[in-house]
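To start, the structure under review is shown below, and the notes come after it.
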Number of protein chains: 2
Amino acid sequence: VTRHPITPAERLLTAIEAKRAGRSLIPEVISSIIHDYTAGRIPDYQMAAWLMAVTCQGMDMAETLALTRSYVDSGDRIDLSSVRRTVVDKHSTGGVGDKVTLFVAPVVASLGVGVLKMTGRGLGYAGGTLDKLESIPGLRMDLSEQEMLAVLEKTGMVITGQTARLVPADAATYALRDVTGTVTSAPLIAASIMSKKIAAATSGAVLDVKFGSGGLVDTYEAAEHLATIMVELGAACDLPCVAVLSDVHQPLGRAIGNALEVREALEALRGVEVPGFSELARLLAGLMLRLADPGLDERTANERVRAAVADGSALAVFQAWVAAQGGDPRCAEEPDSLPRAPYREVVTAPTSGWVHAVDARQLGRLSVRLGAGRLAHAAPIDHAVGLIVRCRIADQVHTGEPIAEIHMRDGDRAGAQDAVRAAFDIRPQRLDPLPSVHRVIGM
Amino acid sequence: VTRHPITPAERLLTAIEAKRAGRSLIPEVISSIIHDYTAGRIPDYQMAAWLMAVTCQGMDMAETLALTRSYVDSGDRIDLSSVRRTVVDKHSTGGVGDKVTLFVAPVVASLGVGVLKMTGRGLGYAGGTLDKLESIPGLRMDLSEQEMLAVLEKTGMVITGQTARLVPADAATYALRDVTGTVTSAPLIAASIMSKKIAAATSGAVLDVKFGSGGLVDTYEAAEHLATIMVELGAACDLPCVAVLSDVHQPLGRAIGNALEVREALEALRGVEVPGFSELARLLAGLMLRLADPGLDERTANERVRAAVADGSALAVFQAWVAAQGGDPRCAEEPDSLPRAPYREVVTAPTSGWVHAVDARQLGRLSVRLGAGRLAHAAPIDHAVGLIVRCRIADQVHTGEPIAEIHMRDGDRAGAQDAVRAAFDIRPQRLDPLPSVHRVIGM
């Protein structure tokens, strides 16, 4: 009886059917799917069907680990052997107003621990760190690996776009997930994030896993599930990780929008206490220090973080780093040298009471519509525009008081005022503030 | 605030996400997806993701009906107003050895009820009626609608390939389902089948829904679920349907393979009782008569069917029909004028006992490997080769007795003997025969 050789497409079809029926795939099958897809031997429509089957039926840890390793193996790893410091990484699953990296990297670097952070552009309501930093005139975010290591060696930190030679299989798969409704799968998210952390080959990573309307997942349970998978993947791949579960029902800090967020991070580095931002940022910086030095206790770590801000050393590192990547270091001293929107409008409280909700997703979407973000890949953005949110959940407000500012390119943006107001829920009952961090996993 | 127009891809992405999350889609969304996909405004990879989300999460009746109607609306309907008879249709979900159409169409047509049957090619272990009929020299299976109506008018029956103007959206979607592991979804199957029946616009259809290793679905429950959806879709679209739930754990009749099956159907039309075939075929023919004439009782219908075979009128219609479609009518008198394989091998019982299983899927797959079927679209097939299965479940056999014949193109097909033997389970315990029909739905 004649047989014909099995093609990659046939092998994938068998895997699709098995996954659709709820069965687990063996590691070899997963690695051959990723290998074949990256090599262009599998059409997008079959990969899309497999990704959706995975999204609907899930993957167990062995499958997720195989996927993560396949992503890592598709490209190079960063070689940090020439760097004299211990280097740590940090990742956030994304949140409206999240400018934490801009604070923690210089703080941690100023305390002798190296920070290597590869970052991306934003899409949809949550902005990207790369976009935010590009509001600093001249700052290069496209360093080669050699340049990256040189900046890290010189200033103790580096933040740059991901190099194309790292996890190309994840990049290809992510582009397809993005247009096929398969971005929300916890194992697919975990493998995508962790493959990049593992390929960056640092000594450890702090993961900020956010939940709430302004984040990637809505519920605490979903964030905990995702964080647990990621910490476990890290452990299996010799990358110690700590995950923080943090709330982003309301925006992180006050500023939403690229230059506005850089300004806010600079204020925090100058010692200004930013409600809803500074506390979480200090916690994450402390965890990065403790990941680099497991003997360090929580209290000492936190004291060092406060000191690095108070004595100006963190801000100095920020300035040196900006200069090392070709940016204008004046921004640290003169925040007004950053792009500024020509029009501002103040939004006032329509009623008196206590703030029960400040919907981060709605404000994030409005910010995108103002021009601060994009709905399509590679669309241009306006670094100057955005929102400043003046109050947080549990704050008391009075009718006519300013609750937000809209920073606009044009004077006539009908609907922006109403959209901001609709994001606020003000009621006559007093309530307690929302805790911003709910749990730390892995430390 | 500026807005951008919603593109078909964005609308689909929203629908994919909703379906993936287990929500129902409104009929307008489903019809726009099908319309946009057929018009080439949606890429295959997004459609594949949607189809997999539907396969994993299911569709309710309103969604399935919307999908069916969208398929129908994508093309023309057959106009049977010029045909003087009541015309009925027949469909089988497919099974190994299923040559029922070749028997029921001439029987029903000889009794004054028109039969219009559009049919397709086989893929995988279950053969297609179109392939089987092409073993008759000269027979055309690519009639235009005009030719189809002329043959129907002249001989009372017509069997031909589906015209391209019928349900093009289903054809496009089916091609994608076939390569993305989304063929097994009950609502997708039901919409695909029923859209073709509805577009054929007959007075009613008898549906043979098969379950078991040689069919599309494995279990009685899955077949019942599928049949119920199809009968309900027919009722909603003014196409009265009757569904028969029949067992195909073992092959239908004795012959598997194109010309071998045509020969067996001709034997049955000549009055030979074919175990595992004749009873089901007569039941389906009787139901077709009763669908055309609701006043007809079961007993009278069955008597007429037997008489049409006994008096030769069904065979005469078959001959006239073959001639009307350009085929050589000699085949009805001289079955040996059909293609014959040059090599035959007898497979004998390796042990004595009772037959507990004759695995239809294994035998169907072997038949494909012998050349009788195809694993890829448009691959050529060998009409002469196949298998004759000499015993059925509950038959008693003795060591060395013939249990099957292999009809081959080449004398040396290593493994075919073993493959046939492996499909039989012979045990020392006696058992009862398997009922071939388990339930009739809708009459």
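Within each chain, counting starts at residue 1; across the structure tokens, chains are named A, B, ... in the order shown, with ligands numbered 1 upward in that order.
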
Is it possible to see chain B as a compact mmCIF listing (two decimals) with C-alpha atoms, in the first residue's frame, once it has been laid onto chain A by a least-squares fit on every C-alpha atom in order?
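That gives us selection.txt:
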# COMPACT_ATOMS: atom_id res chain seq x y z
CA VAL B 1 0.13 0.02 -0.06
CA THR B 2 1.55 3.39 -1.05
CA ARG B 3 1.99 6.18 1.46
CA HIS B 4 2.67 9.81 0.82
CA PRO B 5 4.97 11.93 3.03
CA ILE B 6 3.22 14.02 5.69
CA THR B 7 3.41 17.73 4.89
CA PRO B 8 3.66 20.49 7.55
CA ALA B 9 0.07 21.54 6.68
CA GLU B 10 -1.23 17.99 7.25
CA ARG B 11 0.66 17.71 10.54
CA LEU B 12 -0.83 21.01 11.65
CA LEU B 13 -4.32 19.94 10.61
CA THR B 14 -4.03 16.90 12.88
CA ALA B 15 -2.86 19.15 15.71
CA ILE B 16 -5.72 21.60 15.10
CA GLU B 17 -8.25 18.77 15.28
CA ALA B 18 -6.71 17.37 18.46
CA LYS B 19 -6.66 20.77 20.16
CA ARG B 20 -10.19 21.59 19.01
CA ALA B 21 -11.30 18.32 20.63
CA GLY B 22 -9.64 19.46 23.88
CA ARG B 23 -6.59 17.17 23.80
CA SER B 24 -3.06 18.17 24.83
CA LEU B 25 -0.34 18.36 22.20
CA ILE B 26 3.11 16.91 22.82
CA PRO B 27 6.04 19.38 22.94
CA GLU B 28 7.48 18.09 19.63
CA VAL B 29 4.24 18.90 17.81
CA ILE B 30 4.15 22.43 19.20
CA SER B 31 7.77 23.10 18.32
CA SER B 32 7.26 21.81 14.78
CA ILE B 33 4.19 24.05 14.34
CA ILE B 34 6.15 27.13 15.43
CA HIS B 35 9.18 26.13 13.39
CA ASP B 36 7.12 25.46 10.25
CA TYR B 37 5.10 28.65 10.63
CA THR B 38 8.16 30.83 11.07
CA ALA B 39 9.75 29.16 8.05
CA GLY B 40 6.69 30.03 5.94
CA ARG B 41 5.63 26.40 5.49
CA ILE B 42 2.21 26.87 7.07
CA PRO B 43 -0.40 29.28 5.68
CA ASP B 44 -1.77 32.02 7.94
CA TYR B 45 -5.31 30.62 7.82
CA GLN B 46 -4.24 27.30 9.33
CA MET B 47 -2.16 29.02 12.00
CA ALA B 48 -5.16 31.26 12.79
CA ALA B 49 -7.38 28.19 13.24
CA TRP B 50 -4.81 26.60 15.57
CA LEU B 51 -4.44 29.78 17.61
CA MET B 52 -8.24 30.04 18.00
CA ALA B 53 -8.47 26.37 19.02
CA VAL B 54 -5.78 27.07 21.65
CA THR B 55 -7.62 30.22 22.79
CA CYS B 56 -10.90 28.32 23.20
CA GLN B 57 -9.53 25.05 24.64
CA GLY B 58 -6.47 26.27 26.54
CA MET B 59 -3.01 24.74 26.97
CA ASP B 60 -1.49 22.96 29.94
CA MET B 61 1.87 23.94 31.44
CA ALA B 62 3.85 21.42 29.35
CA GLU B 63 2.34 22.83 26.17
CA THR B 64 2.85 26.43 27.26
CA LEU B 65 6.46 25.70 28.14
CA ALA B 66 7.04 24.04 24.75
CA LEU B 67 5.54 27.07 23.00
CA THR B 68 7.71 29.46 25.05
CA ARG B 69 10.87 27.48 24.28
CA SER B 70 9.97 27.32 20.58
CA TYR B 71 9.64 31.12 20.50
CA VAL B 72 12.99 31.52 22.27
CA ASP B 73 14.71 29.00 20.00
CA SER B 74 13.48 30.81 16.87
CA GLY B 75 16.02 33.61 17.42
CA ASP B 76 19.11 34.74 19.30
CA ARG B 77 19.55 35.43 23.00
CA ILE B 78 21.18 38.57 24.35
CA ASP B 79 24.69 37.85 25.63
CA LEU B 80 25.14 39.83 28.86
CA SER B 81 28.39 38.09 29.88
CA SER B 82 30.39 41.25 29.18
CA VAL B 83 28.24 43.36 31.54
CA ARG B 84 29.79 43.71 35.01
CA ARG B 85 26.56 44.35 36.93
CA THR B 86 23.73 42.01 37.77
CA VAL B 87 21.07 42.93 35.22
CA VAL B 88 17.31 42.65 35.79
CA ASP B 89 14.31 43.11 33.55
CA LYS B 90 10.82 44.45 34.14
CA HIS B 91 7.58 43.89 32.30
CA SER B 92 4.07 45.25 32.56
CA THR B 93 1.11 43.63 30.85
CA GLY B 94 0.11 47.22 30.08
CA GLY B 95 -2.27 49.70 31.58
CA VAL B 96 -3.69 53.12 30.88
CA GLY B 97 -1.16 55.68 32.18
CA ASP B 98 1.57 53.13 32.90
CA LYS B 99 4.86 55.05 32.93
CA VAL B 100 6.44 52.90 35.68
CA THR B 101 9.47 51.80 33.60
CA LEU B 102 10.60 55.42 33.26
CA PHE B 103 10.81 55.65 37.05
CA VAL B 104 12.07 52.24 38.13
CA ALA B 105 14.84 51.84 35.57
CA PRO B 106 16.89 54.92 36.65
CA VAL B 107 16.14 54.29 40.35
CA VAL B 108 17.37 50.68 40.20
CA ALA B 109 20.32 51.56 37.94
CA SER B 110 21.38 54.33 40.34
CA LEU B 111 21.57 51.68 43.08
CA GLY B 112 24.08 49.54 41.19
CA VAL B 113 21.73 47.01 39.56
CA GLY B 114 21.62 47.00 35.77
CA VAL B 115 18.27 47.33 33.99
CA LEU B 116 17.70 45.97 30.49
CA LYS B 117 14.25 46.67 29.14
CA MET B 118 13.12 45.97 25.61
CA THR B 119 9.79 47.55 24.91
CA GLY B 120 7.13 48.01 22.26
CA ARG B 121 4.64 50.40 20.75
CA GLY B 122 1.09 50.77 21.96
CA LEU B 123 -2.04 49.57 20.21
CA GLY B 124 -5.54 50.34 21.39
CA TYR B 125 -6.30 51.99 24.69
CA ALA B 126 -3.06 51.14 26.53
CA GLY B 127 -0.01 53.12 25.36
CA GLY B 128 3.47 51.69 24.73
CA THR B 129 6.65 52.73 26.53
CA LEU B 130 8.45 53.08 23.20
CA ASP B 131 5.90 55.67 22.00
CA LYS B 132 6.09 57.54 25.30
CA LEU B 133 9.88 57.80 25.21
CA GLU B 134 9.88 58.98 21.62
CA SER B 135 8.41 62.25 22.90
CA ILE B 136 11.95 63.03 24.10
CA PRO B 137 13.61 64.84 21.16
CA GLY B 138 16.39 62.80 19.54
CA LEU B 139 16.08 59.72 21.78
CA ARG B 140 16.90 56.60 19.75
CA MET B 141 14.84 53.48 20.46
CA ASP B 142 16.33 51.29 17.73
CA LEU B 143 19.68 50.32 19.24
CA SER B 144 21.66 47.38 17.89
CA GLU B 145 22.61 44.71 20.43
CA GLN B 146 26.12 46.20 20.58
CA GLU B 147 24.78 49.70 21.21
CA MET B 148 22.37 48.32 23.79
CA LEU B 149 25.21 46.69 25.75
CA ALA B 150 27.31 49.87 25.49
CA VAL B 151 24.51 52.08 26.90
CA LEU B 152 23.87 49.54 29.66
CA GLU B 153 27.56 49.45 30.55
CA LYS B 154 27.85 53.24 30.52
CA THR B 155 24.69 54.31 32.36
CA GLY B 156 23.54 51.15 34.16
CA MET B 157 20.28 51.03 32.21
CA VAL B 158 18.95 50.70 28.70
CA ILE B 159 15.42 50.91 27.25
CA THR B 160 15.07 50.17 23.55
CA GLY B 161 12.85 48.53 20.97
CA GLN B 162 13.10 44.77 20.62
CA THR B 163 15.74 43.66 18.11
CA ALA B 164 14.43 41.70 15.11
CA ARG B 165 16.75 38.80 15.92
CA LEU B 166 14.98 38.09 19.19
CA VAL B 167 11.99 35.68 19.19
CA PRO B 168 10.99 36.21 15.52
CA ALA B 169 8.45 33.37 15.87
CA ASP B 170 6.64 35.30 18.59
CA ALA B 171 6.65 38.46 16.48
CA ALA B 172 5.11 36.60 13.52
CA THR B 173 2.55 34.83 15.71
CA TYR B 174 1.66 37.99 17.59
CA ALA B 175 0.94 39.89 14.37
CA LEU B 176 -1.54 37.16 13.43
CA ARG B 177 -3.11 36.95 16.92
CA ASP B 178 -3.69 40.66 16.82
CA VAL B 179 -6.05 40.41 13.81
CA THR B 180 -7.72 37.08 14.65
CA GLY B 181 -9.20 37.70 18.11
CA THR B 182 -6.65 35.44 19.83
CA VAL B 183 -4.82 37.98 22.01
CA THR B 184 -6.65 37.16 25.24
CA SER B 185 -5.51 33.55 25.70
CA ALA B 186 -3.53 33.30 28.96
CA PRO B 187 -1.06 30.64 27.73
CA LEU B 188 -0.47 32.55 24.48
CA ILE B 189 0.09 35.80 26.39
CA ALA B 190 2.39 34.10 28.91
CA ALA B 191 4.49 32.39 26.20
CA SER B 192 4.78 35.63 24.24
CA ILE B 193 5.90 37.72 27.20
CA MET B 194 8.14 35.12 28.81
CA SER B 195 9.92 34.15 25.60
CA LYS B 196 11.10 37.75 25.29
CA LYS B 197 12.21 37.87 28.92
CA ILE B 198 14.04 34.54 28.57
CA ALA B 199 15.73 35.59 25.33
CA ALA B 200 16.85 38.85 26.99
CA ALA B 201 18.75 36.51 29.36
CA THR B 202 18.90 38.77 32.42
CA SER B 203 19.23 37.50 36.02
CA GLY B 204 15.53 37.91 36.71
CA ALA B 205 12.40 39.83 35.88
CA VAL B 206 9.70 41.65 37.82
CA LEU B 207 6.29 41.24 36.15
CA ASP B 208 3.55 43.79 36.74
CA VAL B 209 0.35 41.93 35.88
CA LYS B 210 -2.54 44.39 35.76
CA PHE B 211 -6.24 43.80 35.99
CA GLY B 212 -9.18 46.11 35.54
CA SER B 213 -10.75 48.15 32.77
CA GLY B 214 -7.44 49.83 31.87
CA GLY B 215 -5.47 46.59 31.56
CA LEU B 216 -5.09 43.50 29.44
CA VAL B 217 -7.35 41.35 31.64
CA ASP B 218 -10.43 42.44 33.54
CA THR B 219 -10.42 40.38 36.71
CA TYR B 220 -8.07 39.63 39.58
CA GLU B 221 -8.56 35.90 38.93
CA ALA B 222 -7.46 36.20 35.29
CA ALA B 223 -4.40 38.23 36.31
CA GLU B 224 -3.48 35.71 39.00
CA HIS B 225 -3.83 32.85 36.51
CA LEU B 226 -1.60 34.63 33.99
CA ALA B 227 0.97 35.62 36.63
CA THR B 228 1.19 32.07 37.98
CA ILE B 229 1.86 30.67 34.50
CA MET B 230 4.53 33.28 33.82
CA VAL B 231 6.37 32.75 37.11
CA GLU B 232 6.29 28.99 36.51
CA LEU B 233 7.63 29.40 32.96
CA GLY B 234 10.44 31.59 34.30
CA ALA B 235 11.35 28.98 36.91
CA ALA B 236 11.41 26.24 34.24
CA CYS B 237 13.73 28.35 32.05
CA ASP B 238 16.16 29.59 34.74
CA LEU B 239 14.76 33.10 34.87
CA PRO B 240 13.64 33.89 38.44
CA CYS B 241 10.53 36.05 38.31
CA VAL B 242 8.39 37.96 40.76
CA ALA B 243 4.88 38.96 39.74
CA VAL B 244 2.86 41.83 41.19
CA LEU B 245 -0.92 41.81 40.75
CA SER B 246 -1.98 45.44 40.49
CA ASP B 247 -5.28 47.22 39.94
CA VAL B 248 -5.84 49.41 36.91
CA HIS B 249 -9.56 50.03 37.03
CA GLN B 250 -8.52 53.69 37.21
CA PRO B 251 -5.54 55.18 35.34
CA LEU B 252 -2.03 54.74 36.76
CA GLY B 253 -1.20 58.18 38.16
CA ARG B 254 -2.64 61.32 36.64
CA ALA B 255 -1.19 61.58 33.15
CA ILE B 256 -2.42 59.69 30.04
CA GLY B 257 -0.59 60.43 26.78
CA ASN B 258 3.03 60.25 25.76
CA ALA B 259 4.85 63.50 26.67
CA LEU B 260 2.40 64.05 29.56
CA GLU B 261 3.43 60.68 31.00
CA VAL B 262 7.16 61.34 30.56
CA ARG B 263 6.65 64.63 32.43
CA GLU B 264 4.86 62.83 35.25
CA ALA B 265 7.62 60.21 35.55
CA LEU B 266 10.18 63.03 35.75
CA GLU B 267 8.15 64.70 38.52
CA ALA B 268 8.17 61.43 40.45
CA LEU B 269 11.94 61.13 39.93
CA ARG B 270 12.23 64.67 41.32
CA GLY B 271 10.46 63.52 44.49
CA VAL B 272 6.89 64.58 43.81
CA GLU B 273 4.46 62.03 45.27
CA VAL B 274 2.08 61.06 42.43
CA PRO B 275 -1.15 59.50 43.75
CA GLY B 276 -1.78 56.07 42.29
CA PHE B 277 1.70 55.86 40.80
CA SER B 278 4.57 56.47 43.24
CA GLU B 279 3.67 53.69 45.69
CA LEU B 280 3.44 50.99 43.02
CA ALA B 281 6.57 52.26 41.27
CA ARG B 282 8.60 52.13 44.50
CA LEU B 283 7.35 48.62 45.25
CA LEU B 284 8.40 47.40 41.79
CA ALA B 285 11.82 49.08 42.07
CA GLY B 286 12.34 47.44 45.47
CA LEU B 287 11.45 44.03 44.07
CA MET B 288 13.94 44.51 41.22
CA LEU B 289 16.68 45.24 43.76
CA ARG B 290 15.76 42.18 45.79
CA LEU B 291 15.66 39.98 42.70
CA ALA B 292 19.25 41.05 41.96
CA ASP B 293 20.27 40.52 45.61
CA PRO B 294 18.11 37.88 47.31
CA GLY B 295 19.75 38.72 50.66
CA LEU B 296 18.24 42.21 50.67
CA ASP B 297 15.23 42.64 52.94
CA GLU B 298 12.10 44.53 51.95
CA ARG B 299 12.61 47.47 54.31
CA THR B 300 16.19 48.15 53.25
CA ALA B 301 15.26 47.89 49.59
CA ASN B 302 12.46 50.42 50.03
CA GLU B 303 14.73 52.82 51.93
CA ARG B 304 17.29 52.67 49.16
CA VAL B 305 14.63 53.40 46.55
CA ARG B 306 13.41 56.46 48.47
CA ALA B 307 16.99 57.65 48.94
CA ALA B 308 17.82 57.30 45.24
CA VAL B 309 14.96 59.67 44.50
CA ALA B 310 15.62 62.03 47.41
CA ASP B 311 19.33 62.54 46.64
CA GLY B 312 18.77 63.07 42.92
CA SER B 313 20.87 60.11 41.81
CA ALA B 314 17.95 58.43 39.96
CA LEU B 315 17.25 61.63 38.01
CA ALA B 316 20.95 61.94 37.17
CA VAL B 317 20.97 58.39 35.76
CA PHE B 318 17.88 59.22 33.69
CA GLN B 319 19.64 62.25 32.22
CA ALA B 320 22.83 60.35 31.48
CA TRP B 321 20.81 57.55 29.88
CA VAL B 322 18.82 59.96 27.64
CA ALA B 323 22.07 61.51 26.47
CA ALA B 324 23.66 58.08 25.85
CA GLN B 325 20.77 57.18 23.51
CA GLY B 326 21.03 60.45 21.59
CA GLY B 327 18.16 62.25 23.35
CA ASP B 328 18.08 65.82 24.62
CA PRO B 329 18.86 65.58 28.37
CA ARG B 330 17.36 69.05 28.92
CA CYS B 331 13.96 67.37 29.31
CA ALA B 332 14.87 66.27 32.84
CA GLU B 333 15.47 69.88 33.95
CA GLU B 334 12.99 71.63 31.67
CA PRO B 335 9.93 69.41 31.21
CA ASP B 336 8.44 72.11 29.00
CA SER B 337 11.01 71.26 26.33
CA LEU B 338 8.86 68.15 25.71
CA PRO B 339 6.02 68.47 23.16
CA ARG B 340 3.02 70.47 24.44
CA ALA B 341 -0.48 70.50 23.02
CA PRO B 342 -1.68 73.94 21.88
CA TYR B 343 -5.15 73.64 23.42
CA ARG B 344 -6.24 72.74 26.94
CA GLU B 345 -9.68 72.40 28.36
CA VAL B 346 -10.61 71.86 31.98
CA VAL B 347 -13.36 69.35 32.78
CA THR B 348 -15.29 70.13 35.97
CA ALA B 349 -17.29 67.93 38.31
CA PRO B 350 -20.94 67.93 37.27
CA THR B 351 -22.01 67.14 40.82
CA SER B 352 -20.66 66.93 44.37
CA GLY B 353 -19.81 63.69 46.12
CA TRP B 354 -17.21 60.96 46.20
CA VAL B 355 -15.57 59.43 43.13
CA HIS B 356 -16.71 55.82 42.80
CA ALA B 357 -15.14 55.08 39.39
CA VAL B 358 -12.70 56.62 36.93
CA ASP B 359 -12.98 54.26 33.97
CA ALA B 360 -9.43 53.75 32.72
CA ARG B 361 -10.48 52.07 29.48
CA GLN B 362 -12.85 54.88 28.50
CA LEU B 363 -10.18 57.48 29.21
CA GLY B 364 -7.58 55.40 27.35
CA ARG B 365 -9.87 55.20 24.33
CA LEU B 366 -10.55 58.92 24.42
CA SER B 367 -6.82 59.56 24.57
CA VAL B 368 -6.39 57.39 21.44
CA ARG B 369 -9.10 59.41 19.69
CA LEU B 370 -7.33 62.63 20.64
CA GLY B 371 -4.30 61.27 18.77
CA ALA B 372 -2.14 59.90 21.60
CA GLY B 373 -2.51 56.29 20.46
CA ARG B 374 -3.31 54.22 17.43
CA LEU B 375 -5.89 51.66 16.31
CA ALA B 376 -3.79 50.35 13.42
CA HIS B 377 -0.16 49.24 13.41
CA ALA B 378 2.36 51.87 12.29
CA ALA B 379 -0.24 54.66 12.41
CA PRO B 380 1.39 57.96 13.46
CA ILE B 381 0.66 59.37 16.92
CA ASP B 382 0.66 62.83 18.46
CA HIS B 383 3.10 62.90 21.41
CA ALA B 384 1.71 66.12 22.88
CA VAL B 385 -1.96 65.29 23.42
CA GLY B 386 -3.67 63.41 26.22
CA LEU B 387 -5.41 63.78 29.54
CA ILE B 388 -4.58 64.75 33.10
CA VAL B 389 -6.91 63.12 35.61
CA ARG B 390 -7.11 65.21 38.76
CA CYS B 391 -8.86 62.82 41.14
CA ARG B 392 -8.94 59.17 42.06
CA ILE B 393 -11.46 56.70 43.39
CA ALA B 394 -12.58 57.69 46.96
CA ASP B 395 -11.63 61.37 46.48
CA GLN B 396 -14.26 63.93 47.43
CA VAL B 397 -15.17 66.49 44.75
CA HIS B 398 -17.51 69.49 44.58
CA THR B 399 -19.64 70.71 41.67
CA GLY B 400 -17.56 72.90 39.33
CA GLU B 401 -14.16 71.75 40.64
CA PRO B 402 -11.66 70.62 37.97
CA ILE B 403 -11.55 66.82 37.71
CA ALA B 404 -9.48 66.54 34.52
CA GLU B 405 -7.66 68.44 31.78
CA ILE B 406 -7.82 67.66 28.08
CA HIS B 407 -4.66 68.42 26.08
CA MET B 408 -5.62 68.75 22.42
CA ARG B 409 -4.12 69.52 19.03
CA ASP B 410 -7.23 71.38 17.85
CA GLY B 411 -9.51 73.64 19.84
CA ASP B 412 -12.65 71.97 18.65
CA ARG B 413 -12.98 68.37 19.73
CA ALA B 414 -16.68 67.97 20.21
CA GLY B 415 -17.51 65.23 22.61
CA ALA B 416 -14.22 65.07 24.51
CA GLN B 417 -15.66 66.92 27.53
CA ASP B 418 -18.66 64.57 27.64
CA ALA B 419 -16.44 61.53 27.15
CA VAL B 420 -14.27 62.49 30.12
CA ARG B 421 -17.29 63.19 32.32
CA ALA B 422 -18.84 59.85 31.35
CA ALA B 423 -15.75 58.05 32.70
CA PHE B 424 -16.38 59.44 36.21
CA ASP B 425 -18.97 58.03 38.57
CA ILE B 426 -19.58 60.55 41.38
CA ARG B 427 -22.00 59.53 44.12
CA PRO B 428 -23.13 60.95 47.45
CA GLN B 429 -21.69 58.00 49.45
CA ARG B 430 -18.18 58.10 50.92
CA LEU B 431 -15.99 55.03 50.17
CA ASP B 432 -12.54 53.60 50.87
CA PRO B 433 -9.65 53.98 48.42
CA LEU B 434 -8.88 51.01 46.16
CA PRO B 435 -5.68 49.12 47.07
CA SER B 436 -3.32 49.35 44.10
CA VAL B 437 -1.40 46.10 44.75
CA HIS B 438 -3.27 42.93 45.64
CA ARG B 439 -0.61 40.26 45.78
CA VAL B 440 3.04 39.52 45.07
CA ILE B 441 3.77 36.07 43.62
CA GLY B 442 7.22 34.49 43.75
CA MET B 443 8.87 36.43 46.61

Per DSSP on the backbone, what are the strand (DSSP E) residues of range 316-410 of chain B, as a PyMOL selection string? chain B and resi 343-348+353-358+386-389+396-397+402-408

As an NGL selection string, which residues of range 223-408 of chain A does DSSP assign to alpha helix (DSSP H)? :A and (223-236 or 258-269 or 278-292 or 298-310 or 313-324 or 360-367)
